[in-house]
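**Q** Handing over work.cif, mmCIF, C-alpha atoms.
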data_final
#
loop_
_atom_site.label_atom_id
_atom_site.label_comp_id
_atom_site.auth_asym_id
_atom_site.auth_seq_id
_atom_site.Cartn_x
_atom_site.Cartn_y
_atom_site.Cartn_z
CA MET A 1 27.05 -7.86 -5.21
CA GLU A 2 26.18 -11.44 -6.10
CA GLU A 3 22.85 -11.07 -4.28
CA MET A 4 22.02 -7.97 -6.29
CA LYS A 5 22.81 -9.78 -9.52
CA GLU A 6 20.66 -12.68 -8.48
CA GLU A 7 17.78 -10.36 -7.59
CA ALA A 8 18.05 -8.55 -10.92
CA GLY A 9 18.08 -11.91 -12.67
CA GLN A 10 14.93 -13.00 -10.90
CA ARG A 11 13.20 -9.72 -11.75
CA HIS A 12 14.23 -10.13 -15.35
CA ARG A 13 12.90 -13.72 -15.45
CA ALA A 14 9.60 -12.68 -13.83
CA GLU A 15 9.22 -9.86 -16.37
CA SER A 16 10.00 -12.21 -19.27
CA ILE A 17 7.37 -14.68 -18.09
CA ARG A 18 4.83 -11.87 -17.72
CA ILE A 19 5.53 -10.50 -21.20
CA ASN A 20 5.39 -13.99 -22.67
CA ARG A 21 2.02 -14.60 -21.02
CA LEU A 22 0.70 -11.26 -22.24
CA GLY A 23 1.88 -12.23 -25.71
CA GLN A 24 -0.03 -15.49 -25.34
CA ILE A 25 -3.22 -13.58 -24.56
CA ASP A 26 -2.74 -11.35 -27.59
CA SER A 27 -2.07 -14.43 -29.73
CA ALA A 28 -5.16 -16.19 -28.35
CA ILE A 29 -7.31 -13.20 -29.35
CA ILE A 30 -5.83 -13.21 -32.85
CA ARG A 31 -6.40 -16.98 -33.17
CA ALA A 32 -10.04 -16.58 -32.10
CA LEU A 33 -10.56 -13.85 -34.72
CA GLU A 34 -8.94 -15.98 -37.42
CA ALA A 35 -11.04 -18.99 -36.40
CA ALA A 36 -14.12 -16.81 -36.82
CA GLY A 37 -13.02 -16.00 -40.37
CA ILE A 38 -12.07 -12.35 -39.81
CA ASN A 39 -9.70 -11.39 -42.63
CA PHE A 40 -9.85 -7.59 -42.73
CA ILE A 41 -9.17 -5.29 -39.76
CA CYS A 42 -9.15 -1.54 -39.31
CA SER A 43 -7.77 -0.25 -36.03
CA VAL A 44 -7.52 2.91 -34.04
CA THR A 45 -4.77 2.72 -31.47
CA CYS A 46 -5.64 1.59 -27.93
CA ALA A 47 -3.22 0.79 -25.08
CA LEU A 48 -5.11 -2.40 -24.16
CA LEU A 49 -5.23 -3.68 -27.73
CA SER A 50 -1.74 -2.56 -28.77
CA GLY A 51 -0.23 -6.06 -28.58
CA VAL A 52 -3.08 -7.58 -30.57
CA ILE A 53 -2.84 -4.84 -33.20
CA ASP A 54 0.95 -5.39 -33.45
CA GLY A 55 0.35 -9.09 -33.94
CA ILE A 56 -2.31 -8.56 -36.57
CA SER A 57 -0.11 -6.26 -38.63
CA LYS A 58 2.32 -9.19 -38.99
CA ARG A 59 -0.33 -11.71 -40.09
CA LYS A 60 -0.45 -12.40 -43.82
CA SER A 61 -3.98 -13.82 -43.64
CA ILE A 62 -5.38 -10.48 -42.44
CA THR A 63 -5.40 -7.15 -44.27
CA HIS A 64 -4.76 -4.49 -41.63
CA VAL A 65 -5.39 -0.77 -42.05
CA PRO A 66 -4.55 1.48 -39.10
CA VAL A 67 -6.99 4.37 -39.55
CA THR A 68 -7.10 7.96 -38.33
CA ARG A 69 -10.51 7.85 -36.69
CA GLU A 70 -13.11 5.19 -35.87
CA GLU A 71 -15.74 6.57 -38.25
CA GLU A 72 -13.30 6.27 -41.12
CA GLY A 73 -12.75 2.65 -40.10
CA VAL A 74 -16.50 1.99 -40.26
CA GLY A 75 -16.44 3.22 -43.88
CA ILE A 76 -13.37 1.18 -44.89
CA CYS A 77 -14.78 -1.97 -43.24
CA ALA A 78 -18.09 -1.46 -45.08
CA GLY A 79 -16.24 -1.27 -48.40
CA ALA A 80 -14.28 -4.42 -47.57
CA PHE A 81 -17.53 -6.23 -46.72
CA LEU A 82 -19.04 -5.16 -50.07
CA GLY A 83 -15.98 -6.69 -51.72
CA GLY A 84 -16.55 -10.00 -49.90
CA ALA A 85 -14.29 -9.68 -46.82
CA LYS A 86 -15.17 -10.37 -43.18
CA PRO A 87 -14.19 -7.17 -41.39
CA ALA A 88 -13.53 -6.15 -37.79
CA LEU A 89 -12.86 -2.72 -36.32
CA PHE A 90 -10.60 -2.28 -33.28
CA MET A 91 -11.07 0.70 -31.03
CA GLN A 92 -11.19 1.92 -27.48
CA ASN A 93 -14.75 2.43 -26.26
CA SER A 94 -14.30 6.21 -26.50
CA GLY A 95 -14.23 5.65 -30.26
CA LEU A 96 -17.73 4.23 -30.25
CA GLY A 97 -18.93 7.80 -29.78
CA ASN A 98 -16.99 8.82 -32.89
CA SER A 99 -18.70 6.22 -35.04
CA ILE A 100 -22.39 6.11 -34.12
CA ASN A 101 -23.79 7.86 -37.20
CA ALA A 102 -21.73 5.76 -39.58
CA LEU A 103 -22.67 2.54 -37.75
CA LEU A 104 -26.33 3.44 -38.15
CA SER A 105 -26.58 5.19 -41.53
CA LEU A 106 -24.09 2.87 -43.26
CA THR A 107 -23.48 -0.45 -41.47
CA LYS A 108 -26.97 -0.95 -40.10
CA LEU A 109 -28.85 0.72 -42.98
CA TYR A 110 -27.33 -1.63 -45.56
CA HIS A 111 -27.32 -4.73 -43.29
CA ILE A 112 -23.53 -4.96 -43.35
CA ASP A 113 -21.74 -7.34 -40.96
CA LEU A 114 -19.12 -5.78 -38.71
CA LEU A 115 -17.38 -7.01 -35.57
CA LEU A 116 -16.29 -4.29 -33.15
CA VAL A 117 -13.39 -5.32 -30.91
CA ILE A 118 -13.39 -2.75 -28.15
CA GLY A 119 -10.89 -2.04 -25.38
CA TYR A 120 -13.33 -1.37 -22.55
CA ARG A 121 -12.17 1.38 -20.20
CA GLY A 122 -14.03 3.42 -17.63
CA ARG A 123 -16.22 0.90 -15.85
CA ARG A 124 -17.43 2.38 -12.61
CA GLY A 125 -15.50 1.10 -9.59
CA GLU A 126 -12.60 -0.16 -11.71
CA GLU A 127 -11.28 2.85 -13.62
CA GLN A 128 -8.44 4.99 -12.24
CA ILE A 129 -8.65 7.65 -14.94
CA HIS A 130 -11.73 9.81 -14.36
CA ALA A 131 -11.95 10.98 -17.94
CA GLN A 132 -12.69 7.39 -19.01
CA ILE A 133 -15.79 7.06 -16.83
CA PRO A 134 -18.48 9.06 -18.73
CA MET A 135 -17.97 7.09 -21.95
CA GLY A 136 -17.35 3.87 -20.03
CA THR A 137 -20.72 4.22 -18.32
CA ALA A 138 -22.49 4.88 -21.62
CA THR A 139 -20.81 2.19 -23.73
CA THR A 140 -23.13 -0.80 -23.34
CA LYS A 141 -26.21 1.45 -23.41
CA LEU A 142 -25.05 2.91 -26.73
CA LEU A 143 -24.53 -0.58 -28.14
CA THR A 144 -28.02 -1.57 -27.02
CA ILE A 145 -29.57 1.55 -28.57
CA ILE A 146 -27.94 0.86 -31.96
CA GLY A 147 -29.10 -2.76 -31.78
CA ALA A 148 -25.63 -4.31 -31.54
CA LYS A 149 -25.35 -7.51 -29.53
CA TYR A 150 -22.26 -7.50 -27.34
CA LYS A 151 -20.19 -9.75 -25.13
CA ILE A 152 -18.06 -8.50 -22.25
CA ILE A 153 -14.89 -10.52 -21.73
CA THR A 154 -13.13 -10.01 -18.39
CA ARG A 155 -10.95 -13.14 -18.16
CA ALA A 156 -8.29 -14.56 -20.43
CA ARG A 157 -9.89 -17.99 -20.30
CA ASP A 158 -13.03 -16.61 -22.02
CA ILE A 159 -11.19 -15.35 -25.09
CA ASP A 160 -12.39 -18.29 -27.19
CA SER A 161 -15.96 -17.04 -26.88
CA ILE A 162 -15.04 -14.28 -29.38
CA LYS A 163 -15.66 -16.93 -32.04
CA SER A 164 -19.31 -17.25 -31.12
CA ALA A 165 -19.81 -13.47 -31.16
CA ILE A 166 -19.57 -13.48 -34.94
CA LYS A 167 -22.52 -14.62 -36.96
CA PRO A 168 -22.87 -13.86 -40.67
CA GLY A 169 -25.94 -11.80 -41.50
CA LYS A 170 -26.29 -10.53 -37.95
CA GLY A 171 -25.09 -6.97 -38.52
CA ILE A 172 -23.07 -5.18 -35.88
CA ARG A 173 -21.61 -7.30 -33.06
CA ALA A 174 -19.24 -6.15 -30.33
CA VAL A 175 -16.72 -7.81 -28.07
CA LEU A 176 -15.69 -5.67 -25.10
CA LEU A 177 -12.34 -6.59 -23.53
CA THR A 178 -11.67 -5.19 -20.05
CA PRO A 179 -8.15 -4.51 -18.69
CA THR A 180 -8.49 -7.58 -16.42
CA VAL A 181 -8.17 -9.86 -19.47
CA TRP A 182 -4.48 -8.94 -19.49
CA GLU A 183 -4.01 -8.40 -15.73
CA LYS A 184 -5.05 -11.75 -14.37
CA VAL A 185 -2.31 -13.88 -15.86
CA MET B 186 -17.88 22.23 -65.68
CA ARG B 187 -20.71 20.98 -63.51
CA ARG B 188 -20.94 17.91 -61.26
CA ILE B 189 -23.15 16.13 -63.76
CA ASP B 190 -20.53 16.59 -66.50
CA VAL B 191 -17.94 14.84 -64.33
CA VAL B 192 -20.40 12.11 -63.40
CA ARG B 193 -21.22 11.58 -67.09
CA GLU B 194 -17.54 11.32 -68.09
CA ILE B 195 -16.71 8.92 -65.25
CA ALA B 196 -19.77 6.78 -65.99
CA ALA B 197 -18.73 6.54 -69.65
CA SER B 198 -15.14 5.53 -68.82
CA TYR B 199 -15.36 3.47 -65.66
CA TYR B 200 -18.54 1.48 -66.01
CA GLY B 201 -17.06 -1.47 -67.81
CA THR B 202 -17.18 -4.93 -66.30
CA LYS B 203 -14.08 -4.12 -64.27
CA GLY B 204 -15.23 -0.84 -62.79
CA LEU B 205 -17.03 -0.23 -59.50
CA VAL B 206 -18.32 3.19 -58.50
CA VAL B 207 -19.08 4.42 -54.97
CA ALA B 208 -21.22 7.55 -55.20
CA ASN B 209 -21.49 10.10 -52.41
CA ILE B 210 -24.79 10.80 -50.66
CA GLY B 211 -26.95 13.45 -52.34
CA TYR B 212 -26.62 14.71 -55.89
CA SER B 213 -23.55 12.61 -56.79
CA SER B 214 -25.71 9.51 -56.34
CA ARG B 215 -28.83 11.09 -57.83
CA GLU B 216 -27.09 12.34 -60.96
CA LEU B 217 -25.26 9.04 -61.47
CA TYR B 218 -28.52 7.12 -61.10
CA ALA B 219 -30.26 9.44 -63.58
CA ILE B 220 -27.47 9.22 -66.19
CA SER B 221 -26.90 5.49 -66.08
CA ASP B 222 -28.02 3.18 -63.30
CA ARG B 223 -25.91 0.03 -63.04
CA PRO B 224 -25.67 -2.70 -60.40
CA ASN B 225 -21.98 -1.90 -60.02
CA SER B 226 -22.81 1.51 -58.48
CA PHE B 227 -22.96 1.75 -54.73
CA TYR B 228 -25.24 4.68 -53.91
CA MET B 229 -24.70 6.16 -50.45
CA LEU B 230 -27.87 7.11 -48.63
CA GLY B 231 -26.21 8.22 -45.39
CA SER B 232 -22.82 8.48 -43.64
CA MET B 233 -21.70 11.73 -45.28
CA GLY B 234 -17.92 11.89 -45.53
CA LEU B 235 -17.27 8.19 -46.03
CA ALA B 236 -17.40 7.68 -49.83
CA SER B 237 -13.60 7.79 -50.06
CA SER B 238 -13.33 5.30 -47.16
CA ILE B 239 -15.88 2.83 -48.55
CA GLY B 240 -14.00 2.96 -51.86
CA LEU B 241 -10.69 2.32 -50.09
CA GLY B 242 -11.96 -0.79 -48.31
CA LEU B 243 -13.40 -2.06 -51.57
CA ALA B 244 -10.18 -1.40 -53.49
CA LEU B 245 -8.09 -3.28 -50.91
CA VAL B 246 -10.12 -6.49 -51.24
CA SER B 247 -11.18 -6.26 -54.92
CA ARG B 248 -7.86 -5.81 -56.69
CA ASP B 249 -9.23 -7.03 -60.04
CA TYR B 250 -11.51 -3.99 -60.27
CA GLN B 251 -10.92 -0.31 -60.84
CA ILE B 252 -12.63 1.51 -57.99
CA VAL B 253 -13.88 5.08 -58.37
CA ALA B 254 -15.13 6.97 -55.32
CA LEU B 255 -17.18 9.96 -56.47
CA ASP B 256 -16.91 12.43 -53.62
CA GLY B 257 -17.36 16.14 -52.94
CA ASP B 258 -15.22 18.85 -51.37
CA GLY B 259 -17.57 19.25 -48.39
CA SER B 260 -17.55 15.52 -47.69
CA VAL B 261 -13.78 15.17 -47.94
CA LEU B 262 -13.41 18.12 -45.55
CA MET B 263 -15.48 16.12 -43.03
CA ASN B 264 -13.04 13.22 -43.18
CA LEU B 265 -9.63 14.71 -43.94
CA GLY B 266 -7.84 11.78 -42.30
CA THR B 267 -8.92 9.75 -45.31
CA LEU B 268 -6.28 11.48 -47.45
CA ALA B 269 -3.53 10.26 -45.09
CA SER B 270 -4.93 6.72 -45.18
CA ILE B 271 -5.20 6.83 -48.97
CA ALA B 272 -1.61 8.10 -49.25
CA ASN B 273 -0.32 5.19 -47.19
CA PHE B 274 -2.60 2.29 -48.10
CA ALA B 275 -4.51 2.85 -51.36
CA PRO B 276 -3.65 0.27 -54.03
CA ASP B 277 -3.25 1.22 -57.70
CA ASN B 278 -6.86 0.34 -58.50
CA TYR B 279 -8.17 3.11 -56.22
CA HIS B 280 -9.27 6.47 -57.59
CA LEU B 281 -10.84 9.26 -55.58
CA VAL B 282 -12.63 11.82 -57.74
CA ILE B 283 -13.39 14.96 -55.75
CA ILE B 284 -16.02 17.12 -57.39
CA ASP B 285 -14.85 20.45 -56.00
CA ASN B 286 -17.71 22.87 -56.53
CA HIS B 287 -16.58 24.91 -53.53
CA ALA B 288 -20.02 24.37 -52.05
CA HIS B 289 -22.23 22.02 -50.07
CA GLY B 290 -24.30 21.32 -53.18
CA SER B 291 -26.85 18.88 -51.85
CA THR B 292 -27.88 21.13 -48.96
CA GLY B 293 -28.41 24.21 -51.13
CA ASN B 294 -24.97 25.25 -52.44
CA GLN B 295 -23.73 26.99 -49.32
CA SER B 296 -20.04 27.92 -49.75
CA SER B 297 -17.51 25.40 -48.46
CA LEU B 298 -14.04 26.25 -47.21
CA THR B 299 -12.50 25.47 -50.61
CA ALA B 300 -14.24 28.66 -51.77
CA MET B 301 -11.95 30.46 -49.30
CA LYS B 302 -8.35 29.56 -48.46
CA THR B 303 -8.41 25.77 -48.49
CA ASN B 304 -6.77 23.77 -51.28
CA LEU B 305 -7.62 20.05 -51.24
CA LEU B 306 -4.96 19.19 -53.82
CA LYS B 307 -2.25 20.60 -51.55
CA ILE B 308 -3.75 18.80 -48.56
CA ALA B 309 -3.73 15.52 -50.51
CA ALA B 310 -0.11 16.10 -51.57
CA GLY B 311 0.82 17.05 -48.00
CA ALA B 312 -0.85 13.88 -46.73
CA GLY B 313 1.54 12.00 -49.01
CA VAL B 314 -0.63 11.17 -52.03
CA ARG B 315 1.84 10.97 -54.93
CA SER B 316 -0.57 10.90 -57.82
CA THR B 317 -2.79 13.99 -57.82
CA VAL B 318 -4.28 15.98 -60.72
CA ARG B 319 -6.61 18.96 -60.88
CA VAL B 320 -8.74 19.49 -63.97
CA LYS B 321 -10.50 22.79 -64.56
CA SER B 322 -12.59 22.05 -67.64
CA ARG B 323 -14.52 19.23 -69.21
CA THR B 324 -12.09 19.23 -72.14
CA GLN B 325 -9.20 18.61 -69.73
CA LEU B 326 -11.14 15.82 -68.03
CA THR B 327 -12.10 14.15 -71.33
CA ARG B 328 -8.49 14.28 -72.50
CA LEU B 329 -7.22 12.83 -69.21
CA LEU B 330 -9.71 9.97 -69.32
CA ARG B 331 -8.83 9.26 -72.95
CA ASP B 332 -5.05 9.33 -72.52
CA GLN B 333 -4.44 7.71 -69.15
CA SER B 334 -6.07 6.07 -66.17
CA LEU B 335 -7.30 8.16 -63.29
CA PRO B 336 -4.75 9.33 -60.72
CA THR B 337 -5.16 8.35 -57.04
CA VAL B 338 -6.81 11.69 -56.35
CA LEU B 339 -8.46 13.73 -59.10
CA ILE B 340 -9.92 17.11 -58.26
CA ALA B 341 -12.46 18.40 -60.75
CA ASP B 342 -13.13 22.11 -60.36
CA CYS B 343 -16.81 22.70 -60.89
CA THR B 344 -19.40 25.42 -60.54
CA PRO B 345 -22.22 24.76 -58.08
CA TYR B 346 -25.12 23.19 -59.94
CA ASN B 347 -27.65 20.48 -59.11
CA ALA B 348 -29.36 18.73 -62.02
CA ASP B 349 -33.12 18.35 -61.80
CA VAL B 350 -33.09 14.65 -60.90
CA ALA B 351 -35.03 12.60 -58.37
CA PRO B 352 -33.59 10.81 -55.34
CA VAL B 353 -32.36 7.26 -55.93
CA PRO B 354 -35.52 5.14 -55.61
CA LEU B 355 -33.75 1.90 -54.60
CA SER B 356 -33.79 0.52 -51.08
CA PRO B 357 -30.45 0.16 -49.25
CA ILE B 358 -30.76 -3.63 -49.37
CA GLN B 359 -31.40 -3.59 -53.13
CA ILE B 360 -28.37 -1.37 -53.64
CA LYS B 361 -26.16 -3.64 -51.54
CA ASN B 362 -27.38 -6.98 -52.87
CA ARG B 363 -27.07 -6.18 -56.55
CA PHE B 364 -23.72 -4.46 -55.98
CA MET B 365 -22.29 -7.48 -54.16
CA LYS B 366 -23.62 -9.82 -56.83
CA SER B 367 -21.92 -7.78 -59.54
CA VAL B 368 -18.61 -8.01 -57.62
CA GLN B 369 -18.89 -11.77 -57.15
CA ARG B 370 -19.97 -12.52 -60.70
CA GLU B 371 -16.49 -11.93 -62.10
#
Would you mind writing the structure in this file as structure tokens?
**A**
Amino acid sequence: MEEMKEEAGQRHRAESIRINRLGQIDSAIIRALEAAGINFICSVTCALLSGVIDGISKRKSITHVPVTREEEGVGICAGAFLGGAKPALFMQNSGLGNSINALLSLTKLYHIDLLLVIGYRGRRGEEQIHAQIPMGTATTKLLTIIGAKYKIITRARDIDSIKSAIKPGKGIRAVLLTPTVWEKV
Amino acid sequence: MRRIDVVREIAASYYGTKGLVVANIGYSSRELYAISDRPNSFYMLGSMGLASSIGLGLALVSRDYQIVALDGDGSVLMNLGTLASIANFAPDNYHLVIIDNHAHGSTGNQSSLTAMKTNLLKIAAGAGVRSTVRVKSRTQLTRLLRDQSLPTVLIADCTPYNADVAPVPLSPIQIKNRFMKSVQRE
């Protein structure tokens, strides 16, 4: 009986530490975005980014709009930029497909700055869910075609490099965060 | 009532120093440009469906301004989620004017679904937008603009008609730069 209690206690402690570390990763991402001056975020839900999105919705320094679809977010972020804000759009990489026309005929056409923060699923050899693979394979090629510079972040220790992904006047930039950012803690 | 009548009324009422207008791609932009071109108009040249969204982002960060998004029924039907976002997040300075001519005017006046069973006012109300009004004549619109400020969503019933006006001759960068300057100047 005592042994079982002890074991449960250890499991509980291990889980707490894990959650705390995950929270630290989410916080580090938010700090990097704030350091880069991002003050307006639209998001479409994503399992990888859920902790970051939760954290952002509690930040007073950032206006957060959870949107219904990525393309809508491209429009709202463009409006915020016109009003003087520094916007970012959170999405899973599947959402990139939903936003291509808007990214080209609005964001790129008018030379609007936008940071895409993308939960990057479906990389060949890593993904367990087959449905993620077609879009996962196309993601970086699509970014290249639309002329968006991107950075792939696979480790928590590289989170700070988000800051250097953002450069005013440089149009569309993307940061792709793989599941391993949260796994290798 | 035609689209250009609505555009004329909105331009007359909301073009003061504290008004910013986002005009939909096609004849909404063309007619607005022809009636009265101002730096505080953002003319869309692409991204059909996003006038209401661009206006929403602008309204959230530019609270000192009254924002009017001039949109059409066909464009709103492309981006119906916008009505849910507007219901939940639009500030008081945001006004979506839907010119409902029951047609895709800029592509040749093909019927849209509002010519059939679809009612955008009910969809907006169902999405949770509290302040919605439909006007059916120019007299009603003039009276509304004289007596009160625009609701969150105004639907202006129109007949399909495109004025004989040229495309907006400005480049996208010109449109953006002068618009952003006019926002910052205040």
**Q** Could you list, as a list of chain:residue names, the residues of chain B having an atom within 6 Å of chain A when counting only C-alpha atoms?
**A**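 Putting it all together, I get B:Gly231, B:Ser232, B:Leu235, B:Ser238, B:Ile239, B:Gly240, B:Leu241, B:Gly242, B:Leu243, B:Val246, B:Ser247, B:Gly266, B:Pro357, B:Ile358, B:Met365.
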**Q** Would you output that residue set with C-alpha atoms, as a CSV table (one decimal), keeping the file's coordinate frame?
**A**
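What follows is the written file out18.csv:
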chain,number,residue,atom,x,y,z
B,231,GLY,CA,-26.2,8.2,-45.4
B,232,SER,CA,-22.8,8.5,-43.6
B,235,LEU,CA,-17.3,8.2,-46.0
B,238,SER,CA,-13.3,5.3,-47.2
B,239,ILE,CA,-15.9,2.8,-48.6
B,240,GLY,CA,-14.0,3.0,-51.9
B,241,LEU,CA,-10.7,2.3,-50.1
B,242,GLY,CA,-12.0,-0.8,-48.3
B,243,LEU,CA,-13.4,-2.1,-51.6
B,246,VAL,CA,-10.1,-6.5,-51.2
B,247,SER,CA,-11.2,-6.3,-54.9
B,266,GLY,CA,-7.8,11.8,-42.3
B,357,PRO,CA,-30.4,0.2,-49.2
B,358,ILE,CA,-30.8,-3.6,-49.4
B,365,MET,CA,-22.3,-7.5,-54.2
**Q** Taking the file above as input, evaluate the PyMOL selection byres ((chain A and resi 139-141) around 12) and report the hits as a ChimeraX atom specification.
**A** /A:92-98,100,118-124,132-138,142-152,173-176
**Q** Expand the PyMOL selection byres ((chain A and resi 32) around 8) into the explicit residue set it covers here, and present it as an MDAnalysis selection string.
**A** chainID A and resid 28:31 33:36 159:163
**Q** Taking the file above as input, evaluate the PyMOL selection byres ((chain B and resi 294-309) around 10) and report the hits as a JSON list (two decimals) with C-alpha atoms, in the frame of the given file.
**A**
[["chain", "number", "residue", "atom", "x", "y", "z"],
["B", 258, "ASP", "CA", -15.22, 18.85, -51.37],
["B", 259, "GLY", "CA", -17.57, 19.25, -48.39],
["B", 260, "SER", "CA", -17.55, 15.52, -47.69],
["B", 261, "VAL", "CA", -13.78, 15.17, -47.94],
["B", 262, "LEU", "CA", -13.41, 18.12, -45.55],
["B", 265, "LEU", "CA", -9.63, 14.71, -43.94],
["B", 266, "GLY", "CA", -7.84, 11.78, -42.30],
["B", 267, "THR", "CA", -8.92, 9.75, -45.31],
["B", 268, "LEU", "CA", -6.28, 11.48, -47.45],
["B", 269, "ALA", "CA", -3.53, 10.26, -45.09],
["B", 271, "ILE", "CA", -5.20, 6.83, -48.97],
["B", 272, "ALA", "CA", -1.61, 8.10, -49.25],
["B", 283, "ILE", "CA", -13.39, 14.96, -55.75],
["B", 285, "ASP", "CA", -14.85, 20.45, -56.00],
["B", 286, "ASN", "CA", -17.71, 22.87, -56.53],
["B", 287, "HIS", "CA", -16.58, 24.91, -53.53],
["B", 288, "ALA", "CA", -20.02, 24.37, -52.05],
["B", 289, "HIS", "CA", -22.23, 22.02, -50.07],
["B", 290, "GLY", "CA", -24.30, 21.32, -53.18],
["B", 291, "SER", "CA", -26.85, 18.88, -51.85],
["B", 292, "THR", "CA", -27.88, 21.13, -48.96],
["B", 293, "GLY", "CA", -28.41, 24.21, -51.13],
["B", 310, "ALA", "CA", -0.11, 16.10, -51.57],
["B", 311, "GLY", "CA", 0.82, 17.05, -48.00],
["B", 312, "ALA", "CA", -0.85, 13.88, -46.73],
["B", 313, "GLY", "CA", 1.54, 12.00, -49.01],
["B", 314, "VAL", "CA", -0.63, 11.17, -52.03],
["B", 315, "ARG", "CA", 1.84, 10.97, -54.93],
["B", 316, "SER", "CA", -0.57, 10.90, -57.82],
["B", 317, "THR", "CA", -2.79, 13.99, -57.82],
["B", 318, "VAL", "CA", -4.28, 15.98, -60.72],
["B", 319, "ARG", "CA", -6.61, 18.96, -60.88],
["B", 337, "THR", "CA", -5.16, 8.35, -57.04],
["B", 338, "VAL", "CA", -6.81, 11.69, -56.35],
["B", 339, "LEU", "CA", -8.46, 13.73, -59.10],
["B", 340, "ILE", "CA", -9.92, 17.11, -58.26],
["B", 344, "THR", "CA", -19.40, 25.42, -60.54],
["B", 345, "PRO", "CA", -22.22, 24.76, -58.08],
["B", 346, "TYR", "CA", -25.12, 23.19, -59.94],
["B", 347, "ASN", "CA", -27.65, 20.48, -59.11]]
**Q** Rounded to one decimal place, report the CA of Leu330 (chain B)-CA of Ala197 (chain B) distance in Å.
**A**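 Taking CA of Leu330 (chain B) and CA of Ala197 (chain B), their separation equals 9.7 Å.
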**Q** Using CA of Pro276 (chain B) and CA of Ala254 (chain B) as the two end points, give the distance in Å to one decimal.
**A**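 Straight-line distance from CA of Pro276 (chain B) to CA of Ala254 (chain B) works out to 13.4 Å.
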**Q** Out of B:Ile189, B:Met233, B:Ile195, B:Leu329, which residue has the shortest atom-to-atom distance to Val253 (chain B) when counting all atoms listed in the file?
**A** B:Ile195
**Q** List the neighbours of Ser356 (chain B) out to 10 Å using all atoms listed in the file; skip same-chain residues closer than 3 positions along the sequence, and give me the result as a PyMOL selection string.
**A** (chain A and resi 109-110) or (chain B and resi 228+230+353+359-361)
**Q** What does the distance between CA of Asp249 (chain B) and CA of Phe364 (chain B) come to in Å, to one decimal place?
**A**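 Separation between CA of Asp249 (chain B) and CA of Phe364 (chain B): 15.3 Å.
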**Q** Near Ala196 (chain B), within 8 Å and counting all atoms listed in the file, which residues show up once chain neighbours fewer than 3 positions away are dropped, as a list in words?
**A**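 What passes the distance filter is Val192, Arg193, Tyr199, Tyr200, Leu217 and Ser221 of chain B.
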**Q** Write out the residues from the selection above, keeping C-alpha atoms, as a short mmCIF file (atom, residue, chain, number, x, y, z; two decimals), keeping the file's coordinate frame.
**A**
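The result, written out as again_29.cif:
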data_model
loop_
_atom_site.label_atom_id
_atom_site.label_comp_id
_atom_site.auth_asym_id
_atom_site.auth_seq_id
_atom_site.Cartn_x
_atom_site.Cartn_y
_atom_site.Cartn_z
CA VAL B 192 -20.40 12.11 -63.40
CA ARG B 193 -21.22 11.58 -67.09
CA TYR B 199 -15.36 3.47 -65.66
CA TYR B 200 -18.54 1.48 -66.01
CA LEU B 217 -25.26 9.04 -61.47
CA SER B 221 -26.90 5.49 -66.08
#
